[in-house]
$ cat run_13.txt   # compact mmCIF, C-alpha atoms and all ligand atoms
# COMPACT_ATOMS: atom_id res chain seq x y z
CA MET W 1 -0.72 -43.31 144.61
CA SER W 2 -3.96 -44.40 143.00
CA VAL W 3 -4.29 -45.44 139.38
CA LEU W 4 -6.36 -42.30 138.74
CA THR W 5 -3.59 -40.02 140.05
CA ILE W 6 -0.99 -41.75 137.90
CA PHE W 7 -3.31 -41.42 134.92
CA ILE W 8 -3.92 -37.69 135.50
CA PHE W 9 -0.20 -37.13 136.11
CA PHE W 10 0.60 -38.91 132.86
CA ILE W 11 -1.95 -36.84 130.89
CA GLY W 12 -0.60 -33.63 132.47
CA LEU W 13 2.96 -34.55 131.58
CA THR W 14 2.02 -35.41 128.02
CA ALA W 15 0.09 -32.14 127.61
CA ALA W 16 3.01 -30.14 129.00
CA PHE W 17 5.40 -31.94 126.67
CA ILE W 18 3.20 -31.31 123.61
CA PHE W 19 2.70 -27.67 124.59
CA SER W 20 6.42 -27.04 125.08
CA ILE W 21 7.30 -28.57 121.75
CA GLY W 22 4.50 -26.54 120.14
CA LEU W 23 5.79 -23.41 121.85
CA PHE W 24 9.33 -24.14 120.75
CA THR W 25 8.33 -24.74 117.14
CA SER W 26 6.07 -21.68 117.15
CA PHE W 27 9.13 -19.47 117.47
CA ARG W 28 10.15 -20.69 114.06
CA PHE W 29 7.18 -18.84 112.57
CA LYS W 30 6.44 -15.17 112.44
CA THR W 31 3.25 -14.25 114.33
CA ASP W 32 1.29 -11.04 114.40
CA GLY W 33 2.53 -10.50 117.95
CA THR W 34 -0.85 -10.92 119.64
CA LEU W 35 -1.54 -13.67 122.13
CA LYS W 36 -4.12 -15.07 119.72
CA GLY W 37 -1.59 -15.07 116.87
CA ARG W 38 0.97 -16.79 119.08
CA MET W 39 -1.55 -19.43 120.21
CA ILE W 40 -2.64 -20.06 116.64
CA SER W 41 0.98 -20.37 115.66
CA ILE W 42 1.63 -22.87 118.44
CA PHE W 43 -1.21 -25.09 117.38
CA SER W 44 -0.66 -24.65 113.66
CA SER W 45 2.93 -25.78 114.16
CA PHE W 46 1.41 -29.14 114.91
CA GLY W 47 -0.95 -30.19 112.14
CA LEU W 48 -1.91 -33.02 114.44
CA PHE W 49 -3.60 -30.78 116.94
CA ILE W 50 -5.81 -28.96 114.52
CA PRO W 51 -9.05 -30.77 115.30
CA LYS W 52 -10.01 -33.27 112.66
CA ALA W 53 -13.51 -31.82 112.65
CA THR W 54 -12.45 -28.34 111.50
CA ASN W 55 -13.45 -27.52 107.96
CA ILE W 56 -11.08 -26.09 105.40
CA SER W 57 -12.21 -22.49 106.06
CA THR W 58 -11.35 -22.83 109.75
CA LEU W 59 -7.99 -24.32 108.86
CA TYR W 60 -7.14 -21.38 106.61
CA GLN W 61 -8.30 -18.80 109.15
CA LEU W 62 -5.06 -19.74 110.87
CA TRP W 63 -3.15 -18.17 108.01
CA GLU W 64 -5.07 -14.92 108.00
CA HIS W 65 -2.68 -13.73 110.68
CA ASP W 66 0.23 -13.38 108.24
CA ILE W 67 2.08 -16.06 110.17
CA LEU W 68 4.47 -16.84 107.37
CA SER W 69 5.26 -13.65 105.49
CA ASP W 70 5.92 -9.96 106.03
CA LYS W 71 5.02 -8.40 102.72
CA ASN W 72 2.64 -10.78 100.97
CA LYS W 73 0.08 -13.44 101.82
CA PHE W 74 1.26 -16.48 99.91
CA ILE W 75 0.24 -19.72 101.59
CA ASN W 76 2.66 -22.13 100.00
CA LEU W 77 5.82 -23.85 101.18
CA GLY W 78 8.00 -21.69 98.95
CA TYR W 79 10.71 -22.45 96.42
CA TRP W 80 14.00 -21.82 98.18
CA LYS W 81 16.64 -22.16 95.47
CA ASN W 82 17.50 -18.44 95.52
CA ALA W 83 15.24 -17.21 98.33
CA ASP W 84 16.18 -16.23 101.86
CA CYS W 85 12.80 -15.44 103.35
CA MET W 86 9.25 -16.74 103.15
CA ASP W 87 8.08 -13.73 101.10
CA ASP W 88 10.60 -14.38 98.34
CA ALA W 89 10.20 -18.15 98.49
CA GLY W 90 6.39 -17.93 98.10
CA ARG W 91 6.80 -15.57 95.15
CA ASP W 92 9.51 -17.77 93.56
CA MET W 93 7.18 -20.78 93.78
CA ALA W 94 4.55 -18.77 91.89
CA HIS W 95 7.19 -17.69 89.37
CA LEU W 96 8.34 -21.26 88.81
CA LEU W 97 4.80 -22.42 88.10
CA GLY W 98 4.13 -19.45 85.80
CA GLU W 99 7.33 -20.19 83.88
CA HIS W 100 6.51 -23.87 83.70
CA ALA W 101 3.04 -23.07 82.34
CA GLU W 102 4.71 -20.80 79.76
CA ILE W 103 2.13 -18.09 80.42
CA SER W 104 2.03 -15.75 77.44
CA SER W 105 0.21 -12.57 76.50
CA ASN W 106 -2.51 -14.42 74.54
CA ASP W 107 -3.43 -16.75 77.38
CA LYS W 108 -6.73 -16.97 79.18
CA ILE W 109 -5.76 -18.50 82.52
CA LEU W 110 -7.82 -20.36 85.09
CA ASP W 111 -6.22 -20.39 88.56
CA VAL W 112 -7.78 -22.82 91.04
CA GLY W 113 -7.12 -22.36 94.76
CA PHE W 114 -5.77 -18.81 94.56
CA GLY W 115 -5.39 -18.14 98.29
CA PHE W 116 -5.24 -14.36 98.76
CA GLY W 117 -4.57 -13.76 95.06
CA ASP W 118 -0.85 -13.00 95.33
CA GLN W 119 0.09 -15.26 92.47
CA ASP W 120 -2.54 -13.71 90.16
CA LEU W 121 -1.24 -10.20 90.80
CA TYR W 122 2.30 -11.49 90.29
CA TRP W 123 1.55 -13.45 87.09
CA MET W 124 -0.32 -10.49 85.63
CA LYS W 125 2.64 -8.20 86.32
CA MET W 126 5.36 -10.64 85.16
CA PHE W 127 3.79 -12.59 82.29
CA LYS W 128 0.92 -10.26 81.25
CA PRO W 129 -1.65 -12.89 80.16
CA LYS W 130 -4.87 -11.75 78.47
CA SER W 131 -6.93 -12.60 81.56
CA ILE W 132 -6.89 -14.59 84.79
CA THR W 133 -10.03 -16.14 86.25
CA GLY W 134 -9.71 -17.64 89.72
CA LEU W 135 -11.73 -20.07 91.82
CA ASN W 136 -11.47 -20.56 95.57
CA ILE W 137 -13.82 -22.19 98.07
CA ILE W 138 -13.02 -19.92 101.01
CA LYS W 139 -15.24 -16.86 100.99
CA SER W 140 -13.02 -14.71 103.22
CA GLN W 141 -10.04 -15.32 100.90
CA VAL W 142 -12.13 -14.51 97.83
CA GLU W 143 -13.23 -11.20 99.39
CA ALA W 144 -9.70 -10.27 100.49
CA ALA W 145 -8.20 -11.21 97.12
CA ARG W 146 -10.85 -9.29 95.16
CA GLU W 147 -10.14 -6.21 97.28
CA ARG W 148 -6.43 -6.48 96.47
CA VAL W 149 -7.23 -6.78 92.75
CA ARG W 150 -9.43 -3.68 93.02
CA LYS W 151 -6.67 -1.73 94.78
CA ASN W 152 -4.31 -2.64 91.94
CA ASN W 153 -6.88 -1.47 89.31
CA LEU W 154 -6.81 -4.89 87.67
CA GLU W 155 -10.53 -5.75 87.80
CA ASP W 156 -10.76 -5.84 84.00
CA LYS W 157 -7.93 -8.41 83.86
CA ILE W 158 -8.32 -10.55 86.98
CA ASP W 159 -11.70 -12.03 87.91
CA LEU W 160 -11.61 -13.96 91.21
CA ARG W 161 -14.68 -15.93 92.23
CA PHE W 162 -16.06 -18.28 94.82
CA GLY W 163 -16.21 -21.81 93.37
CA SER W 164 -14.71 -25.27 93.50
CA ALA W 165 -12.01 -26.89 91.40
CA THR W 166 -14.09 -30.06 91.37
CA ASP W 167 -17.13 -28.36 89.87
CA ILE W 168 -15.78 -25.66 87.58
CA PRO W 169 -18.64 -23.34 86.59
CA PHE W 170 -17.47 -22.68 83.02
CA GLY W 171 -18.18 -24.24 79.64
CA ALA W 172 -15.88 -26.53 77.68
CA LYS W 173 -12.66 -25.42 75.95
CA ILE W 174 -12.50 -21.86 77.33
CA PHE W 175 -9.02 -21.60 78.84
CA ASP W 176 -5.51 -21.87 77.39
CA LYS W 177 -3.92 -22.78 80.72
CA VAL W 178 -5.21 -24.13 84.03
CA LEU W 179 -2.92 -23.62 87.04
CA ALA W 180 -3.10 -24.95 90.59
CA LEU W 181 -0.47 -23.65 92.98
CA GLU W 182 -0.21 -25.93 96.01
CA SER W 183 -3.94 -26.48 96.18
CA ALA W 184 -4.75 -29.70 94.29
CA PHE W 185 -3.91 -31.99 97.23
CA HIS W 186 -7.00 -30.53 98.99
CA PHE W 187 -9.45 -31.18 96.16
CA ASN W 188 -12.00 -33.85 96.87
CA SER W 189 -11.12 -35.45 94.69
CA ARG W 190 -8.06 -34.49 92.66
CA ASP W 191 -9.31 -36.91 89.97
CA ASP W 192 -12.52 -34.87 89.62
CA PHE W 193 -10.39 -31.76 89.20
CA PHE W 194 -8.30 -33.44 86.47
CA GLN W 195 -11.50 -34.18 84.55
CA GLN W 196 -12.84 -30.66 85.01
CA ALA W 197 -9.52 -29.12 83.96
CA TYR W 198 -9.44 -31.27 80.83
CA ARG W 199 -12.98 -30.20 79.99
CA VAL W 200 -12.38 -26.44 80.28
CA LEU W 201 -9.01 -26.46 78.48
CA LYS W 202 -8.88 -25.63 74.78
CA ASP W 203 -7.31 -28.22 72.47
CA GLY W 204 -3.55 -27.95 72.97
CA GLY W 205 -4.04 -26.26 76.36
CA ARG W 206 -1.84 -26.93 79.36
CA LEU W 207 -2.45 -27.93 82.97
CA SER W 208 0.37 -26.91 85.37
CA ILE W 209 0.28 -27.92 89.01
CA ALA W 210 2.60 -27.43 91.97
CA ASP W 211 1.46 -30.18 94.29
CA ILE W 212 2.41 -32.30 97.28
CA VAL W 213 2.90 -35.92 96.36
CA PRO W 214 4.25 -38.77 98.52
CA ILE W 215 7.68 -39.94 97.35
CA SER W 216 7.58 -43.08 95.30
CA SER W 217 8.90 -46.26 96.87
CA GLU W 218 11.52 -46.50 94.12
CA ALA W 219 12.92 -43.00 94.73
CA GLY W 220 15.65 -44.38 96.99
CA CYS W 221 14.55 -42.18 99.91
CA ARG W 222 14.40 -43.33 103.49
CA LYS W 223 10.97 -44.72 104.36
CA PRO W 224 9.03 -42.76 107.02
CA GLY W 225 9.40 -44.23 110.51
CA LEU W 226 6.71 -46.13 112.38
CA ILE W 227 5.50 -43.14 114.41
CA VAL W 228 5.19 -40.96 111.33
CA ARG W 229 3.20 -43.71 109.64
CA ILE W 230 0.91 -44.16 112.64
CA LEU W 231 0.25 -40.41 112.86
CA GLU W 232 -0.20 -39.95 109.11
CA PRO W 233 -4.03 -40.43 108.96
CA PHE W 234 -4.47 -37.76 111.66
CA ARG W 235 -2.17 -35.37 109.88
CA LEU W 236 -3.98 -35.86 106.56
CA ALA W 237 -7.36 -35.31 108.21
CA ALA W 238 -6.13 -32.23 110.08
CA TRP W 239 -4.64 -30.65 106.95
CA LYS W 240 -7.68 -31.56 104.85
CA ILE W 241 -5.92 -33.86 102.45
CA PRO W 242 -8.36 -36.58 101.32
CA ARG W 243 -6.83 -40.05 101.51
CA CYS W 244 -7.88 -40.68 97.91
CA ASN W 245 -5.29 -38.05 96.86
CA CYS W 246 -2.37 -39.95 98.37
CA TYR W 247 -0.51 -41.65 95.55
CA ASP W 248 2.98 -41.31 94.15
CA GLU W 249 4.18 -39.57 91.00
CA ASP W 250 3.84 -42.63 88.72
CA GLU W 251 0.22 -43.02 89.70
CA TYR W 252 -0.21 -39.23 89.33
CA CYS W 253 0.89 -39.47 85.67
CA ARG W 254 -1.31 -42.51 85.06
CA ARG W 255 -4.38 -40.69 86.39
CA LEU W 256 -3.74 -37.61 84.23
CA GLU W 257 -3.28 -39.81 81.16
CA LYS W 258 -6.48 -41.70 81.94
CA VAL W 259 -8.41 -38.41 81.74
CA GLY W 260 -6.86 -37.68 78.32
CA PHE W 261 -3.79 -35.52 79.05
CA THR W 262 -0.71 -36.23 76.94
CA ASN W 263 2.98 -35.33 77.39
CA VAL W 264 2.56 -35.67 81.14
CA GLN W 265 5.71 -34.79 83.12
CA VAL W 266 6.34 -34.77 86.85
CA THR W 267 9.45 -33.00 88.17
CA SER W 268 10.44 -33.26 91.82
CA ILE W 269 11.47 -29.96 93.45
CA ARG W 270 11.60 -31.38 96.97
CA GLU W 271 15.32 -30.60 97.36
CA ASP W 272 14.50 -26.89 96.97
CA VAL W 273 11.33 -26.93 99.06
CA PHE W 274 11.19 -29.15 102.14
CA LEU W 275 14.85 -29.38 103.04
CA PRO W 276 15.67 -25.64 102.91
CA LEU W 277 12.31 -24.81 104.54
CA ARG W 278 13.25 -26.97 107.51
CA LYS W 279 16.67 -25.34 107.76
CA LYS W 280 15.54 -21.74 107.32
CA CYS W 281 12.33 -21.54 109.38
C1 LIG W 301 -2.14 -24.04 100.35
S1 LIG W 301 -3.30 -22.84 99.81
C2 LIG W 301 -2.44 -22.17 98.41
C3 LIG W 301 -2.92 -20.80 98.08
C4 LIG W 301 -2.17 -20.10 96.95
N1 LIG W 301 -2.16 -20.89 95.75
C5 LIG W 301 -0.77 -19.73 97.37
O1 LIG W 301 0.20 -20.35 96.91
O2 LIG W 301 -0.64 -18.83 98.20
C6 LIG W 301 -4.60 -23.84 99.10
C7 LIG W 301 -5.73 -23.04 98.51
O3 LIG W 301 -6.63 -23.94 97.85
C8 LIG W 301 -7.95 -23.52 98.11
N2 LIG W 301 -8.86 -24.65 97.89
C9 LIG W 301 -8.95 -25.78 98.63
N3 LIG W 301 -9.89 -26.61 98.11
C10 LIG W 301 -10.39 -25.98 97.01
C11 LIG W 301 -11.35 -26.34 96.03
N4 LIG W 301 -12.03 -27.49 96.07
N5 LIG W 301 -11.58 -25.46 95.03
C12 LIG W 301 -10.93 -24.28 94.95
N6 LIG W 301 -10.00 -23.90 95.85
C13 LIG W 301 -9.73 -24.73 96.86
C14 LIG W 301 -7.89 -23.02 99.54
O4 LIG W 301 -8.98 -22.18 99.82
C15 LIG W 301 -6.56 -22.27 99.52
O5 LIG W 301 -6.75 -20.96 99.06

$ encode --input "run_13.txt" --output "structure tokens"
Amino acid sequence: MSVLTIFIFFIGLTAAFIFSIGLFTSFRFKTDGTLKGRMISIFSSFGLFIPKATNISTLYQLWEHDILSDKNKFINLGYWKNADCMDDAGRDMAHLLGEHAEISSNDKILDVGFGFGDQDLYWMKMFKPKSITGLNIIKSQVEAARERVRKNNLEDKIDLRFGSATDIPFGAKIFDKVLALESAFHFNSRDDFFQQAYRVLKDGGRLSIADIVPISSEAGCRKPGLIVRILEPFRLAAWKIPRCNCYDEDEYCRRLEKVGFTNVQVTSIREDVFLPLRKKC
């Protein structure tokens, strides 16, 4: 057997192995039943195999197939304390953030990274703020979310626009609350967003974020293994998480304080997010 044959055999075996694991994990997600949906699901099961070169819009086109939920289009990991399915977990995550932000009827809210607008419809129904303005950098999501707002006759209350969290197109001290539901890890950079959020918040305003943050070395958790560490840069690139956003919760607080925020608190909800998600999906 020549070296070339061994090489091709090895590549074939590796590809088959990767494909079977992808196929196996894809059954853990709901797909829209089409071959395309199934293929997308297979590849999206493996963040690693989403090409590094894709931009964030391409990445999120994967989710336009309702892979995760039946009834809504949340694109977050979900809060699983009382939830049994992705629909409820996505909504409960939005509820938790709304509660944490203490959204009240006098509030003018800015929501950055609104996905398909589920959380805005939910917050408006549950907490009845004065208004919600949203920013999102994916045009197809903005269009879909605006259409859903229109169907719910909430255009006078919810204004969803194309725009970036790192370049917020509003003047200073306009909003009572700024919220970011599982979106800030994407922002390039998150520091720029912190500054922008501080600028647009009124005095005494509040920034509330549900975010993904690496566990601190002191947290007593098992360190990731060698393979996970080797693959990490590929994963980050594939999921569009800038390296400059990778710091632990202590550093997170420091950076918020540097911008001017006070009373900064970080609460870990990982026990009710990652662990149940792995068990239930
Ligand atoms: C994981 S999804 C979360 C969506 C939604 N919050 C939810 O829970 O369903 C991240 C969202 O952030 C948006 N996003 C990413 N970078 C952004 C930026 N620089 N400015 C505004 N939105 C951004 C994406 O388009 C996407 O809608």

$ closest_residue --input "run_13.txt" --among "W:Cys253, W:Leu154, W:Ala210, W:Met126" --to "Asp191 (chain W)" --atoms "only C-alpha atoms"
W:Cys253

$ residues_around --input "run_13.txt" --residues "Ala165 (chain W)" --least-positions-apart "5" --cutoff "8 Å" --atoms "all atoms listed in the file" --output "PDB file with C-alpha atoms, in the frame of the given file"
ATOM      1  CA  VAL W 112      -7.780 -22.820  91.040  1.00  0.00           C
ATOM      2  CA  GLY W 113      -7.120 -22.360  94.760  1.00  0.00           C
ATOM      3  CA  LEU W 135     -11.730 -20.070  91.820  1.00  0.00           C
ATOM      4  CA  ASN W 136     -11.470 -20.560  95.570  1.00  0.00           C
ATOM      5  CA  PHE W 187      -9.450 -31.180  96.160  1.00  0.00           C
ATOM      6  CA  PHE W 193     -10.390 -31.760  89.200  1.00  0.00           C
ATOM      7  CA  GLN W 196     -12.840 -30.660  85.010  1.00  0.00           C
TER       8      GLN W 196
END

$ residues_near_ligand --input "run_13.txt" --ligand "ligand LIG 301 (chain W)" --cutoff "9 Å" --atoms "all atoms listed in the file" --output "NGL selection string"
:W and (56-57 or 60 or 73-78 or 90-91 or 93-94 or 111-119 or 134-139 or 141-142 or 162-168 or 180-190 or 193 or 210 or 240)

$ residues_around --input "run_13.txt" --residues "Val264 (chain W)" --least-positions-apart "2" --cutoff "10 Å" --atoms "only C-alpha atoms" --output "list in words"
Arg206, Leu207, Ser208, Tyr252, Cys253, Arg254, Leu256, Glu257, Phe261, Thr262 and Val266 of chain W

$ write_last_selection --input "run_13.txt" --atoms "C-alpha atoms" --output "PDB file, in the frame of the given file"
ATOM      1  CA  ARG W 206      -1.840 -26.930  79.360  1.00  0.00           C
ATOM      2  CA  LEU W 207      -2.450 -27.930  82.970  1.00  0.00           C
ATOM      3  CA  SER W 208       0.370 -26.910  85.370  1.00  0.00           C
ATOM      4  CA  TYR W 252      -0.210 -39.230  89.330  1.00  0.00           C
ATOM      5  CA  CYS W 253       0.890 -39.470  85.670  1.00  0.00           C
ATOM      6  CA  ARG W 254      -1.310 -42.510  85.060  1.00  0.00           C
ATOM      7  CA  LEU W 256      -3.740 -37.610  84.230  1.00  0.00           C
ATOM      8  CA  GLU W 257      -3.280 -39.810  81.160  1.00  0.00           C
ATOM      9  CA  PHE W 261      -3.790 -35.520  79.050  1.00  0.00           C
ATOM     10  CA  THR W 262      -0.710 -36.230  76.940  1.00  0.00           C
ATOM     11  CA  VAL W 266       6.340 -34.770  86.850  1.00  0.00           C
TER      12      VAL W 266
END

$ atom_distance --input "run_13.txt" --atom1 "CA of Glu249 (chain W)" --atom2 "CA of Ser268 (chain W)"
8.9 Å

$ atom_distance --input "run_13.txt" --atom1 "CA of Asn153 (chain W)" --atom2 "CA of Gly205 (chain W)"
28.1 Å

$ atom_distance --input "run_13.txt" --atom1 "CA of Ser105 (chain W)" --atom2 "CA of Val259 (chain W)"
27.7 Å
